[in-house]
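Student: Sharing a structure, written as structure tokens. Questions coming.
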Amino acid sequence: MHQKLPKNFLFGSATSAHQIEGGNFDSDWYAWEKKGLTADKYTSHPAANSWNLWQKDIELLKETNQNAYRLSIEWAKIEPEEGNFSQEAIEHYRKIFEVLKKSNITVMATLHHFTIPLWLAKKGGFANKKSISYFTRYALKMIGEYKNLVDLWATFNEPKVLILKGYIQGEWPPCQRNFYQAIQVWKNLKNAHISAYLAGKKITKKPIGIVENISAYEKANNSVLTNLAVRIARFFDTTIFIKPIIKYSDFLGINYYMKFIIDGFGHYMPKNAPKNDFGWSINQEGLHQVIMENSIYAKPIYITENGIADNKDKFRSQFIADALTNIQKAIADGADVRGYFYWSLLDNFEWAAGYSQKFGLFTIDRKIKQSAKDYAELIKKSKTD
Ligand code: BGC
């Protein structure tokens, strides 16, 4: 890093409940996984067993000097039956948040990270307009319970990815390929966010925001077609997901993973960069681009996810160092970036890919990787230089 990040900058990592906890038996995803549909046929149980080993996870954060953690609350565990909130699950997350607070670790809690309770899935999930009031009731309950413990609230993780995978490509539950339904889902997610935001702000002063997946685009040439295609790509990739709700968001969470070269109406990933195990090319300079482009919304920005599938841990240290360099550059260029959460703290259940892809700073049995040591060093240096 060439210069220091701001004094109160958050250095952390991110996880989601379904991907690390195990035991999410009352969720739509578990019902789908049980049919043997993941790449390796494994289910999300027991994942990294964080439901039982969460104290150990907090130790991992401390051991690597991280001062922030983004984790999600599992709706299907909190409300396993419609309208019946599980006190046991509520107390479970309370303990986690209390220990994080005692450890001086800033907490960003995500209310929805792809999964929903089975009872809601049976009613049509987010394609059902009533999901707006169900989500608001759940969100309000959570904000009320943990308002003194959670520092930042994120309503939804990547609405676009949920819609794309679940309702357009049909690869994730509910495995639909229905453009009309996809539009209904987007409307309901947007309104659920707004409704939860407005209700939440009545009971907490803590920031409430949303997390979006944003890719970088580069033009292969300056043709009229390419210029038009880039504008269309940006519009469908980000603008329609951010513009209608940003007024109701105290911050913008950016998950950055990919860059695309647009050539006419075709697109591809940069060919001259190394690729991660998923086959995605590694282009951390795109992080600077997406931060600058999305600074137009004039909201504080958190990089809520940025990660690499890298089983051999070959590229991860440089990947994180490059992320921080690009963030510094963006801050120097006037962007208001408040934190960086590497995806992920641990190797975990990578959705349809099962356990085949490894994003963690630690292995699933919590062995430290070299990249975690290097990240810890970078954080220490930034805090003491
Ligand atoms: C999701 C994570 C996922 C990661 C890597 C993000 O889009 O929020 O849940 O594990 O990508 O694929």
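In the structure tokens, each chain is lettered A, B, ... as it comes, each chain's residues begin at 1, and ligands are numbered from 1 in order of appearance.
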Kindly work out which residues sit at most 10 Å from ligand 1, using only C-alpha atoms and all ligand atoms, and give the list as a VMD selection string.

Tutor: chain A and resid 14 to 19 113 to 114 156 to 162 211 to 214 255 to 257 278 304 to 309 343 to 344 347 to 353 357 to 360

Student: Considering only C-alpha atoms, return as a list in words whatever protein or nucleic-acid residues lie within 7 Å of Thr204 of chain A, sequence-local ones (same chain, fewer than 3 positions apart) excluded.

Tutor: Lys147, Gly200 and Lys201 of chain A

Student: For Ala229 of chain A, which residue among A:Trp29, A:Phe97, A:Phe265, A:Phe9 is the nearest when counting only C-alpha atoms?

Tutor: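 Looking only at the distances to Ala229 of chain A, the closest residue turns out to be A:Phe265.
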
Student: Considering only C-alpha atoms, return as a PyMOL selection string whatever protein or nucleic-acid residues lie within 10 Å of segment 339-342 of chain A, sequence-local ones (same chain, fewer than 5 positions apart) excluded.

Tutor: chain A and resi 5-6+8-15+66-70+108+253-255+300-308+319-320+323-324+327+359-361+375

Student: Suppose we keep C-alpha atoms; can you now write the selection as a JSON list (two decimals), in the first residue's frame?

Tutor:
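For reference, selection.json as written:
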```json
[["chain", "number", "residue", "atom", "x", "y", "z"],
["A", 5, "LEU", "CA", -6.21, 4.13, 4.65],
["A", 6, "PRO", "CA", -8.30, 6.45, 6.87],
["A", 8, "ASN", "CA", -11.31, 4.39, 11.23],
["A", 9, "PHE", "CA", -11.31, 2.31, 8.04],
["A", 10, "LEU", "CA", -12.90, -1.12, 8.51],
["A", 11, "PHE", "CA", -10.80, -4.13, 7.58],
["A", 12, "GLY", "CA", -12.85, -7.28, 7.76],
["A", 13, "SER", "CA", -14.24, -10.28, 6.03],
["A", 14, "ALA", "CA", -17.70, -11.52, 5.17],
["A", 15, "THR", "CA", -19.73, -14.70, 5.47],
["A", 66, "GLN", "CA", -9.65, -7.60, 11.54],
["A", 67, "ASN", "CA", -11.84, -4.93, 13.10],
["A", 68, "ALA", "CA", -15.08, -5.68, 11.23],
["A", 69, "TYR", "CA", -17.24, -8.67, 10.34],
["A", 70, "ARG", "CA", -20.11, -8.91, 7.88],
["A", 108, "MET", "CA", -22.55, -5.45, 9.58],
["A", 253, "GLY", "CA", -22.46, -2.04, -0.28],
["A", 254, "ILE", "CA", -20.51, -3.12, -3.36],
["A", 255, "ASN", "CA", -19.61, -6.75, -4.02],
["A", 300, "PRO", "CA", -20.74, 6.10, 1.91],
["A", 301, "ILE", "CA", -19.45, 2.97, 0.17],
["A", 302, "TYR", "CA", -18.41, -0.30, 1.79],
["A", 303, "ILE", "CA", -16.77, -3.03, -0.25],
["A", 304, "THR", "CA", -18.98, -5.69, 1.28],
["A", 305, "GLU", "CA", -17.45, -8.56, -0.73],
["A", 306, "ASN", "CA", -14.41, -9.09, -2.91],
["A", 307, "GLY", "CA", -13.01, -12.58, -3.07],
["A", 308, "ILE", "CA", -11.19, -15.18, -5.08],
["A", 319, "PHE", "CA", -5.52, -9.96, -4.68],
["A", 320, "ILE", "CA", -6.19, -8.41, -1.27],
["A", 323, "ALA", "CA", -7.92, -4.34, -3.56],
["A", 324, "LEU", "CA", -6.61, -2.09, -0.80],
["A", 327, "ILE", "CA", -9.47, 1.57, -2.60],
["A", 359, "PHE", "CA", -12.66, -18.49, -1.11],
["A", 360, "GLY", "CA", -11.56, -18.57, 2.54],
["A", 361, "LEU", "CA", -8.76, -16.93, 4.47],
["A", 375, "TYR", "CA", -3.83, -9.67, 5.24]]
```

Student: For Ala330 of chain A, work out the shell of residues within 9 Å, counting only C-alpha atoms and skipping chain neighbours fewer than 6 positions away, then give it as a list of chain:residue names.

Tutor: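 Skipping anything fewer than 6 positions along the chain leaves A:Leu287, A:His288, A:Gln289, A:Ile291, A:Met292, A:Asp336, A:Val337.
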
Student: Would you export the selected residues with N, CA, C and O atoms as a compact mmCIF listing (two decimals), in the first residue's frame, please?

Tutor:
```
# COMPACT_ATOMS: atom_id res chain seq x y z
N LEU A 287 -12.06 -2.60 -9.44
CA LEU A 287 -12.63 -2.15 -8.16
C LEU A 287 -12.60 -0.62 -8.09
O LEU A 287 -13.58 0.02 -7.69
N HIS A 288 -11.49 -0.04 -8.51
CA HIS A 288 -11.38 1.42 -8.54
C HIS A 288 -12.47 2.00 -9.45
O HIS A 288 -13.17 2.94 -9.10
N GLN A 289 -12.63 1.36 -10.60
CA GLN A 289 -13.63 1.85 -11.57
C GLN A 289 -15.06 1.81 -10.99
O GLN A 289 -15.78 2.79 -11.06
N ILE A 291 -16.01 1.76 -7.91
CA ILE A 291 -16.16 2.71 -6.79
C ILE A 291 -16.40 4.11 -7.36
O ILE A 291 -17.33 4.81 -6.95
N MET A 292 -15.57 4.50 -8.32
CA MET A 292 -15.70 5.85 -8.87
C MET A 292 -17.05 6.03 -9.56
O MET A 292 -17.72 7.04 -9.37
N ASP A 336 -15.84 8.09 -1.09
CA ASP A 336 -16.05 7.94 0.36
C ASP A 336 -16.16 6.45 0.71
O ASP A 336 -17.25 5.93 0.95
N VAL A 337 -15.03 5.75 0.72
CA VAL A 337 -15.06 4.31 1.01
C VAL A 337 -14.71 4.11 2.48
O VAL A 337 -13.68 4.59 2.95
```
